[in-house]
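S.K.: As input, take data-v1.cif (mmCIF, C-alpha atoms and all ligand atoms; chains and numbers go by the auth columns):
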```cif
data_my_file
#
loop_
_atom_site.group_PDB
_atom_site.id
_atom_site.type_symbol
_atom_site.label_atom_id
_atom_site.label_comp_id
_atom_site.label_asym_id
_atom_site.label_seq_id
_atom_site.Cartn_x
_atom_site.Cartn_y
_atom_site.Cartn_z
_atom_site.B_iso_or_equiv
_atom_site.auth_seq_id
_atom_site.auth_asym_id
ATOM 1 C CA MET A 1 54.335 -71.287 56.626 0.00 1 W
ATOM 2 C CA SER A 2 55.025 -74.596 54.930 0.00 2 W
ATOM 3 C CA ASN A 3 58.568 -75.780 54.254 0.00 3 W
ATOM 4 C CA ILE A 4 58.123 -75.050 50.596 0.00 4 W
ATOM 5 C CA ALA A 5 57.003 -71.498 51.275 0.00 5 W
ATOM 6 C CA ILE A 6 60.046 -70.954 53.494 0.00 6 W
ATOM 7 C CA TYR A 7 62.232 -72.477 50.860 0.00 7 W
ATOM 8 C CA LEU A 8 60.836 -70.247 48.115 0.00 8 W
ATOM 9 C CA ALA A 9 61.306 -67.206 50.324 0.00 9 W
ATOM 10 C CA LEU A 10 64.943 -68.202 50.802 0.00 10 W
ATOM 11 C CA LEU A 11 65.476 -68.805 47.113 0.00 11 W
ATOM 12 C CA LEU A 12 63.923 -65.473 46.188 0.00 12 W
ATOM 13 C CA GLY A 13 66.054 -63.785 48.834 0.00 13 W
ATOM 14 C CA LEU A 14 69.120 -65.398 47.330 0.00 14 W
ATOM 15 C CA LEU A 15 68.188 -64.378 43.802 0.00 15 W
ATOM 16 C CA GLY A 16 67.348 -60.832 44.932 0.00 16 W
ATOM 17 C CA GLN A 17 70.641 -60.483 46.737 0.00 17 W
ATOM 18 C CA ALA A 18 72.588 -61.764 43.793 0.00 18 W
ATOM 19 C CA GLY A 19 70.731 -59.382 41.483 0.00 19 W
ATOM 20 C CA SER A 20 71.382 -56.279 43.526 0.00 20 W
ATOM 21 C CA GLY A 21 75.020 -57.121 44.244 0.00 21 W
ATOM 22 C CA ALA A 22 76.158 -57.938 40.735 0.00 22 W
ATOM 23 C CA PRO A 23 77.541 -55.093 38.637 0.00 23 W
ATOM 24 C CA ALA A 24 75.596 -54.553 35.415 0.00 24 W
ATOM 25 C CA GLY A 25 76.790 -56.608 32.466 0.00 25 W
ATOM 26 C CA LYS A 26 78.671 -59.081 34.607 0.00 26 W
ATOM 27 C CA SER A 27 76.909 -62.066 33.057 0.00 27 W
ATOM 28 C CA SER A 28 78.915 -61.392 29.910 0.00 28 W
ATOM 29 C CA SER A 29 81.874 -62.967 31.678 0.00 29 W
ATOM 30 C CA LEU A 30 80.225 -66.369 31.293 0.00 30 W
ATOM 31 C CA ASP A 31 81.401 -68.053 28.124 0.00 31 W
ATOM 32 C CA TYR A 32 78.890 -68.797 25.373 0.00 32 W
ATOM 33 C CA ASP A 33 80.909 -71.483 23.551 0.00 33 W
ATOM 34 C CA TYR A 34 81.440 -73.455 26.710 0.00 34 W
ATOM 35 C CA PHE A 35 77.741 -73.109 27.521 0.00 35 W
ATOM 36 C CA LYS A 36 76.694 -74.281 24.080 0.00 36 W
ATOM 37 C CA THR A 37 79.021 -77.260 23.760 0.00 37 W
ATOM 38 C CA LYS A 38 79.389 -78.470 27.360 0.00 38 W
ATOM 39 C CA VAL A 39 76.563 -77.142 29.515 0.00 39 W
ATOM 40 C CA GLN A 40 73.542 -77.488 27.229 0.00 40 W
ATOM 41 C CA PRO A 41 73.996 -81.253 26.733 0.00 41 W
ATOM 42 C CA ILE A 42 73.535 -81.625 30.509 0.00 42 W
ATOM 43 C CA PHE A 43 70.049 -80.109 30.208 0.00 43 W
ATOM 44 C CA LEU A 44 69.178 -82.715 27.561 0.00 44 W
ATOM 45 C CA ALA A 45 70.747 -85.802 29.157 0.00 45 W
ATOM 46 C CA LYS A 46 68.621 -88.527 30.725 0.00 46 W
ATOM 47 C CA ARG A 47 69.654 -89.618 34.251 0.00 47 W
ATOM 48 C CA THR A 48 68.307 -92.783 35.852 0.00 48 W
ATOM 49 C CA GLY A 49 65.379 -92.042 38.133 0.00 49 W
ATOM 50 C CA HIS A 50 64.965 -88.458 36.902 0.00 50 W
ATOM 51 C CA ALA A 51 63.203 -86.630 34.118 0.00 51 W
ATOM 52 C CA ARG A 52 65.486 -84.551 31.908 0.00 52 W
ATOM 53 C CA CYS A 53 65.910 -80.844 32.818 0.00 53 W
ATOM 54 C CA ILE A 54 64.310 -79.945 29.465 0.00 54 W
ATOM 55 C CA SER A 55 61.193 -81.973 30.372 0.00 55 W
ATOM 56 C CA CYS A 56 60.241 -79.409 33.008 0.00 56 W
ATOM 57 C CA HIS A 57 62.318 -76.311 32.377 0.00 57 W
ATOM 58 C CA VAL A 58 60.865 -75.309 29.053 0.00 58 W
ATOM 59 C CA VAL A 59 59.039 -72.146 27.935 0.00 59 W
ATOM 60 C CA PRO A 60 56.461 -71.057 28.918 0.00 60 W
ATOM 61 C CA THR A 61 56.068 -73.160 32.057 0.00 61 W
ATOM 62 C CA GLY A 62 59.613 -73.673 33.271 0.00 62 W
ATOM 63 C CA ALA A 63 59.573 -71.632 36.506 0.00 63 W
ATOM 64 C CA VAL A 64 62.535 -69.202 36.602 0.00 64 W
ATOM 65 C CA PHE A 65 64.864 -71.513 34.698 0.00 65 W
ATOM 66 C CA GLN A 66 63.418 -71.722 31.173 0.00 66 W
ATOM 67 C CA LEU A 67 64.895 -73.354 28.096 0.00 67 W
ATOM 68 C CA GLN A 68 63.707 -73.077 24.512 0.00 68 W
ATOM 69 C CA ARG A 69 61.468 -75.859 23.271 0.00 69 W
ATOM 70 C CA LEU A 70 63.293 -78.203 20.867 0.00 70 W
ATOM 71 C CA SER A 71 62.095 -77.905 17.279 0.00 71 W
ATOM 72 C CA PRO A 72 60.201 -80.966 16.033 0.00 72 W
ATOM 73 C CA GLY A 73 62.624 -83.747 15.088 0.00 73 W
ATOM 74 C CA GLU A 74 65.637 -81.958 16.619 0.00 74 W
ATOM 75 C CA THR A 75 67.709 -83.413 19.443 0.00 75 W
ATOM 76 C CA THR A 76 69.512 -80.190 20.286 0.00 76 W
ATOM 77 C CA TRP A 77 69.193 -76.406 19.937 0.00 77 W
ATOM 78 C CA ASN A 78 70.350 -74.347 16.975 0.00 78 W
ATOM 79 C CA ASP A 79 72.504 -71.272 17.495 0.00 79 W
ATOM 80 C CA GLU A 80 69.625 -68.832 17.858 0.00 80 W
ATOM 81 C CA GLU A 81 67.889 -71.052 20.432 0.00 81 W
ATOM 82 C CA SER A 82 71.182 -71.596 22.249 0.00 82 W
ATOM 83 C CA ARG A 83 71.625 -67.822 22.512 0.00 83 W
ATOM 84 C CA LYS A 84 68.179 -67.521 24.069 0.00 84 W
ATOM 85 C CA ASN A 85 69.001 -70.309 26.518 0.00 85 W
ATOM 86 C CA PHE A 86 72.249 -68.552 27.376 0.00 86 W
ATOM 87 C CA GLU A 87 70.419 -65.276 28.038 0.00 87 W
ATOM 88 C CA ALA A 88 67.811 -66.985 30.204 0.00 88 W
ATOM 89 C CA VAL A 89 70.264 -69.018 32.245 0.00 89 W
ATOM 90 C CA THR A 90 72.763 -66.216 32.803 0.00 90 W
ATOM 91 C CA LYS A 91 70.078 -63.749 33.873 0.00 91 W
ATOM 92 C CA LEU A 92 69.140 -65.363 37.177 0.00 92 W
ATOM 93 C CA ILE A 93 70.403 -68.813 37.912 0.00 93 W
ATOM 94 C CA ALA A 94 74.051 -68.846 36.872 0.00 94 W
ATOM 95 C CA LEU A 95 75.853 -66.082 38.725 0.00 95 W
ATOM 96 C CA PRO A 96 79.380 -65.551 37.425 0.00 96 W
ATOM 97 C CA GLY A 97 81.992 -66.761 39.886 0.00 97 W
ATOM 98 C CA ASN A 98 79.378 -67.664 42.509 0.00 98 W
ATOM 99 C CA PRO A 99 79.595 -71.297 43.665 0.00 99 W
ATOM 100 C CA LYS A 100 76.187 -70.855 45.365 0.00 100 W
ATOM 101 C CA SER A 101 74.420 -70.173 42.054 0.00 101 W
ATOM 102 C CA PRO A 102 70.990 -71.832 42.019 0.00 102 W
ATOM 103 C CA LEU A 103 72.077 -73.792 38.938 0.00 103 W
ATOM 104 C CA LEU A 104 74.744 -75.451 41.097 0.00 104 W
ATOM 105 C CA ILE A 105 73.075 -75.983 44.448 0.00 105 W
ATOM 106 C CA HIS A 106 69.482 -76.699 43.375 0.00 106 W
ATOM 107 C CA PRO A 107 70.023 -79.999 41.514 0.00 107 W
ATOM 108 C CA LEU A 108 72.818 -81.070 43.942 0.00 108 W
ATOM 109 C CA ALA A 109 72.119 -83.482 46.844 0.00 109 W
ATOM 110 C CA GLU A 110 71.843 -81.707 50.190 0.00 110 W
ATOM 111 C CA ASP A 111 74.525 -83.847 51.856 0.00 111 W
ATOM 112 C CA ALA A 112 76.897 -82.935 49.020 0.00 112 W
ATOM 113 C CA GLY A 113 76.431 -79.203 49.660 0.00 113 W
ATOM 114 C CA GLY A 114 73.192 -78.591 47.770 0.00 114 W
ATOM 115 C CA ASP A 115 70.044 -76.991 49.145 0.00 115 W
ATOM 116 C CA PHE A 116 67.313 -79.106 50.700 0.00 116 W
ATOM 117 C CA PHE A 117 64.635 -79.322 48.046 0.00 117 W
ATOM 118 C CA HIS A 118 64.287 -79.258 44.276 0.00 118 W
ATOM 119 C CA ASN A 119 60.949 -80.208 42.794 0.00 119 W
ATOM 120 C CA GLY A 120 62.806 -81.773 39.864 0.00 120 W
ATOM 121 C CA GLY A 121 64.929 -84.023 42.085 0.00 121 W
ATOM 122 C CA LYS A 122 68.581 -84.139 43.070 0.00 122 W
ATOM 123 C CA HIS A 123 70.339 -85.107 39.852 0.00 123 W
ATOM 124 C CA PHE A 124 73.889 -84.915 41.205 0.00 124 W
ATOM 125 C CA ASN A 125 74.959 -86.833 44.329 0.00 125 W
ATOM 126 C CA SER A 126 78.427 -85.407 44.640 0.00 126 W
ATOM 127 C CA GLN A 127 80.523 -82.431 43.680 0.00 127 W
ATOM 128 C CA ASN A 128 82.756 -84.934 41.878 0.00 128 W
ATOM 129 C CA ASP A 129 79.997 -85.763 39.437 0.00 129 W
ATOM 130 C CA PRO A 130 81.471 -84.966 35.986 0.00 130 W
ATOM 131 C CA GLU A 131 78.353 -83.135 34.807 0.00 131 W
ATOM 132 C CA TRP A 132 78.182 -81.087 37.988 0.00 132 W
ATOM 133 C CA LYS A 133 81.887 -80.235 37.626 0.00 133 W
ATOM 134 C CA THR A 134 81.187 -78.993 34.111 0.00 134 W
ATOM 135 C CA LEU A 135 78.421 -76.675 35.395 0.00 135 W
ATOM 136 C CA LYS A 136 80.727 -75.395 38.114 0.00 136 W
ATOM 137 C CA ALA A 137 83.673 -74.881 35.742 0.00 137 W
ATOM 138 C CA TRP A 138 81.446 -72.787 33.494 0.00 138 W
ATOM 139 C CA ILE A 139 80.177 -70.598 36.337 0.00 139 W
ATOM 140 C CA MET A 140 83.727 -70.169 37.632 0.00 140 W
ATOM 141 C CA GLY A 141 84.787 -68.808 34.264 0.00 141 W
ATOM 142 C CA GLN A 142 85.837 -71.745 32.085 0.00 142 W
ATOM 143 C CA THR A 143 85.880 -70.747 28.421 0.00 143 W
ATOM 144 C CA GLY A 144 85.986 -72.407 25.027 0.00 144 W
ATOM 145 C CA SER A 145 84.932 -75.902 24.089 0.00 145 W
ATOM 146 C CA THR A 146 87.886 -77.685 25.661 0.00 146 W
ATOM 147 C CA GLN A 147 87.794 -80.096 28.613 0.00 147 W
ATOM 148 C CA ALA A 148 86.979 -78.646 32.051 0.00 148 W
ATOM 149 C CA ARG A 149 89.903 -77.875 34.370 0.00 149 W
ATOM 150 C CA ASN A 150 89.643 -79.662 37.707 0.00 150 W
HETATM 151 C C1 LIG B . 60.277 -82.996 37.152 0.00 201 B
HETATM 152 C C2 LIG B . 60.446 -81.610 36.736 0.00 201 B
HETATM 153 C C3 LIG B . 61.840 -81.002 36.874 0.00 201 B
HETATM 154 C C4 LIG B . 63.039 -81.497 36.395 0.00 201 B
HETATM 155 C C5 LIG B . 63.283 -82.777 35.641 0.00 201 B
HETATM 156 C C6 LIG B . 64.036 -80.526 36.747 0.00 201 B
HETATM 157 N N1 LIG B . 63.474 -79.487 37.445 0.00 201 B
HETATM 158 FE FE1 LIG B . 64.442 -77.867 38.187 0.00 201 B
HETATM 159 N N2 LIG B . 62.689 -77.185 39.020 0.00 201 B
HETATM 160 C C7 LIG B . 61.458 -77.767 38.849 0.00 201 B
HETATM 161 C C8 LIG B . 60.452 -76.967 39.549 0.00 201 B
HETATM 162 C C9 LIG B . 58.963 -77.272 39.602 0.00 201 B
HETATM 163 C C10 LIG B . 61.137 -75.869 40.116 0.00 201 B
HETATM 164 C C11 LIG B . 60.541 -74.728 40.995 0.00 201 B
HETATM 165 C C12 LIG B . 60.285 -75.259 42.406 0.00 201 B
HETATM 166 C C13 LIG B . 61.578 -75.668 43.093 0.00 201 B
HETATM 167 O O1 LIG B . 62.472 -74.807 43.241 0.00 201 B
HETATM 168 O O2 LIG B . 61.739 -76.844 43.450 0.00 201 B
HETATM 169 C C14 LIG B . 62.541 -76.036 39.749 0.00 201 B
HETATM 170 C C15 LIG B . 63.521 -75.135 40.089 0.00 201 B
HETATM 171 C C16 LIG B . 64.817 -75.157 39.583 0.00 201 B
HETATM 172 C C17 LIG B . 65.813 -74.106 39.770 0.00 201 B
HETATM 173 C C18 LIG B . 65.609 -72.801 40.529 0.00 201 B
HETATM 174 C C19 LIG B . 65.127 -71.731 39.574 0.00 201 B
HETATM 175 C C20 LIG B . 63.690 -71.937 39.163 0.00 201 B
HETATM 176 O O3 LIG B . 63.442 -72.114 37.945 0.00 201 B
HETATM 177 O O4 LIG B . 62.809 -71.936 40.034 0.00 201 B
HETATM 178 C C21 LIG B . 66.944 -74.524 39.156 0.00 201 B
HETATM 179 C C22 LIG B . 68.252 -73.774 39.054 0.00 201 B
HETATM 180 C C23 LIG B . 66.676 -75.834 38.585 0.00 201 B
HETATM 181 N N3 LIG B . 65.377 -76.191 38.861 0.00 201 B
HETATM 182 C C24 LIG B . 67.598 -76.559 37.864 0.00 201 B
HETATM 183 C C25 LIG B . 67.341 -77.809 37.286 0.00 201 B
HETATM 184 C C26 LIG B . 68.335 -78.583 36.537 0.00 201 B
HETATM 185 C C27 LIG B . 69.759 -78.121 36.275 0.00 201 B
HETATM 186 C C28 LIG B . 67.719 -79.725 36.155 0.00 201 B
HETATM 187 C C29 LIG B . 68.330 -80.902 35.401 0.00 201 B
HETATM 188 C C30 LIG B . 69.622 -81.384 35.945 0.00 201 B
HETATM 189 C C31 LIG B . 66.343 -79.678 36.627 0.00 201 B
HETATM 190 N N4 LIG B . 66.152 -78.491 37.310 0.00 201 B
HETATM 191 C C32 LIG B . 65.381 -80.647 36.416 0.00 201 B
HETATM 192 C C33 LIG B . 61.190 -78.922 38.154 0.00 201 B
HETATM 193 C C34 LIG B . 62.130 -79.728 37.532 0.00 201 B
#
```
Is it possible to express this structure as structure tokens?
M.R.:
Amino acid sequence: MSNIAIYLALLLGLLGQAGSGAPAGKSSSLDYDYFKTKVQPIFLAKRTGHARCISCHVVPTGAVFQLQRLSPGETTWNDEESRKNFEAVTKLIALPGNPKSPLLIHPLAEDAGGDFFHNGGKHFNSQNDPEWKTLKAWIMGQTGSTQARN
């Protein structure tokens, strides 16, 4: 088995485990306003040396993590599209209260606590990265559109 096959098996195992362990409806504890105002901009931001998350993770080809396509001429999502993004992201990759959520460890450098391979690159080199901290704050239950607690 190639490394990638092993990796995918591990990721699927992780997702499966998370799915079976989580009580139904738990994703509702993740906050929509915080997602819309703080988390979504991270999916749109350009980082040196990387394509934007939205470049790859877009319906219908975005692997498990799929975002809505931006409407022509728009630079962000409207409320309806944001709701769909929220549904998609909270279903499998952002597990409430779980610091090992794929959304956290997949784009994080391995030596900073991330997993070893993400086809889209390691966008965050440290857990002190402000964008990464925003993702983590959201998954750990941050609400509203105020600044993340540290
Ligand atoms: C160059 C294309 C590309 C970019 C840019 C990219 N990704 Fe990915 N990502 C992939 C591919 C392909 C996979 C599936 C294979 C793998 O896991 O590496 C993936 C997998 C994932 C997964 C695991 C769930 C899944 O859909 O398989 C997460 C979570 C993820 N990416 C998050 C991100 C985040 C967050 C960003 C932006 C910070 C990002 N990705 C940017 C290509 C990309």
S.K.: Let me see if you get this right: every residue at most 6 Å from ligand LIG 201 (chain B), counting only C-alpha atoms and all ligand atoms, written as an NGL selection string.
M.R.: :W and (43 or 51-53 or 55-56 or 63-65 or 93 or 102-103 or 106-107 or 117-120 or 123)
S.K.: Could you expand the PyMOL selection byres (((chain W and resi 38) around 12) and not hetatm) into the explicit residues it covers here, written as a ChimeraX atom specification?
M.R.: /W:31-37,39-45,82,130-139,142-148
S.K.: Quick one: write out the picked residues with C-alpha atoms as a compact mmCIF listing (two decimals), in the coordinates of the input?
M.R.:
```txt
# COMPACT_ATOMS: atom_id res chain seq x y z
CA ASP W 31 81.40 -68.05 28.12
CA TYR W 32 78.89 -68.80 25.37
CA ASP W 33 80.91 -71.48 23.55
CA TYR W 34 81.44 -73.46 26.71
CA PHE W 35 77.74 -73.11 27.52
CA LYS W 36 76.69 -74.28 24.08
CA THR W 37 79.02 -77.26 23.76
CA VAL W 39 76.56 -77.14 29.52
CA GLN W 40 73.54 -77.49 27.23
CA PRO W 41 74.00 -81.25 26.73
CA ILE W 42 73.54 -81.62 30.51
CA PHE W 43 70.05 -80.11 30.21
CA LEU W 44 69.18 -82.72 27.56
CA ALA W 45 70.75 -85.80 29.16
CA SER W 82 71.18 -71.60 22.25
CA PRO W 130 81.47 -84.97 35.99
CA GLU W 131 78.35 -83.14 34.81
CA TRP W 132 78.18 -81.09 37.99
CA LYS W 133 81.89 -80.24 37.63
CA THR W 134 81.19 -78.99 34.11
CA LEU W 135 78.42 -76.68 35.40
CA LYS W 136 80.73 -75.40 38.11
CA ALA W 137 83.67 -74.88 35.74
CA TRP W 138 81.45 -72.79 33.49
CA ILE W 139 80.18 -70.60 36.34
CA GLN W 142 85.84 -71.74 32.08
CA THR W 143 85.88 -70.75 28.42
CA GLY W 144 85.99 -72.41 25.03
CA SER W 145 84.93 -75.90 24.09
CA THR W 146 87.89 -77.68 25.66
CA GLN W 147 87.79 -80.10 28.61
CA ALA W 148 86.98 -78.65 32.05
```
S.K.: To one decimal place in Å, what is the distance between atom CA of Asn85 of chain W and atom CA of Ser29 of chain W?
M.R.: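 Separation between atom CA of Asn85 of chain W and atom CA of Ser29 of chain W: 15.7 Å.
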S.K.: Segment 31-35 of chain W, all listed atoms, 8 Å padding on each side: what axis-aligned box centre and edge lengths in Å to one decimal come out, as AutoDock Vina command-line options?
M.R.:
```
--center_x 79.6 --center_y -70.8 --center_z 25.8 --size_x 19.7 --size_y 21.4 --size_z 20.6
```
S.K.: How would you write as number ranges by chain the residues that get within 8 Å of (68.8, -87.0, 41.6) in the file's frame, counting only C-alpha atoms?
M.R.: W: 47, 49-50, 107-109, 121-125
S.K.: Quote the spacing between atom CA of Glu81 of chain W and atom CA of Ser101 of chain W in Å to one decimal place.
M.R.: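 Atom CA of Ser101 of chain W lies 22.6 Å from atom CA of Glu81 of chain W.
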S.K.: Please list, as a PyMOL selection string, the residues that have an atom at most 10 Å away from (72.0, -68.2, 37.1) in the coordinates of this file, counting all atoms listed in the file.
M.R.: chain W and resi 15+18-19+27+64-65+86-96+98+100-104+139
S.K.: I need the chosen residues saved as a CSV table (one decimal), in the coordinates of the input, with C-alpha atoms.
M.R.:
```csv
chain,number,residue,atom,x,y,z
W,15,LEU,CA,68.2,-64.4,43.8
W,18,ALA,CA,72.6,-61.8,43.8
W,19,GLY,CA,70.7,-59.4,41.5
W,27,SER,CA,76.9,-62.1,33.1
W,64,VAL,CA,62.5,-69.2,36.6
W,65,PHE,CA,64.9,-71.5,34.7
W,86,PHE,CA,72.2,-68.6,27.4
W,87,GLU,CA,70.4,-65.3,28.0
W,88,ALA,CA,67.8,-67.0,30.2
W,89,VAL,CA,70.3,-69.0,32.2
W,90,THR,CA,72.8,-66.2,32.8
W,91,LYS,CA,70.1,-63.7,33.9
W,92,LEU,CA,69.1,-65.4,37.2
W,93,ILE,CA,70.4,-68.8,37.9
W,94,ALA,CA,74.1,-68.8,36.9
W,95,LEU,CA,75.9,-66.1,38.7
W,96,PRO,CA,79.4,-65.6,37.4
W,98,ASN,CA,79.4,-67.7,42.5
W,100,LYS,CA,76.2,-70.9,45.4
W,101,SER,CA,74.4,-70.2,42.1
W,102,PRO,CA,71.0,-71.8,42.0
W,103,LEU,CA,72.1,-73.8,38.9
W,104,LEU,CA,74.7,-75.5,41.1
W,139,ILE,CA,80.2,-70.6,36.3
```
S.K.: Do you have the atom CA of Gln68 of chain W-atom CA of Ile54 of chain W distance handy?
M.R.: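 About the pair atom CA of Gln68 of chain W and atom CA of Ile54 of chain W: they are 8.5 Å apart.
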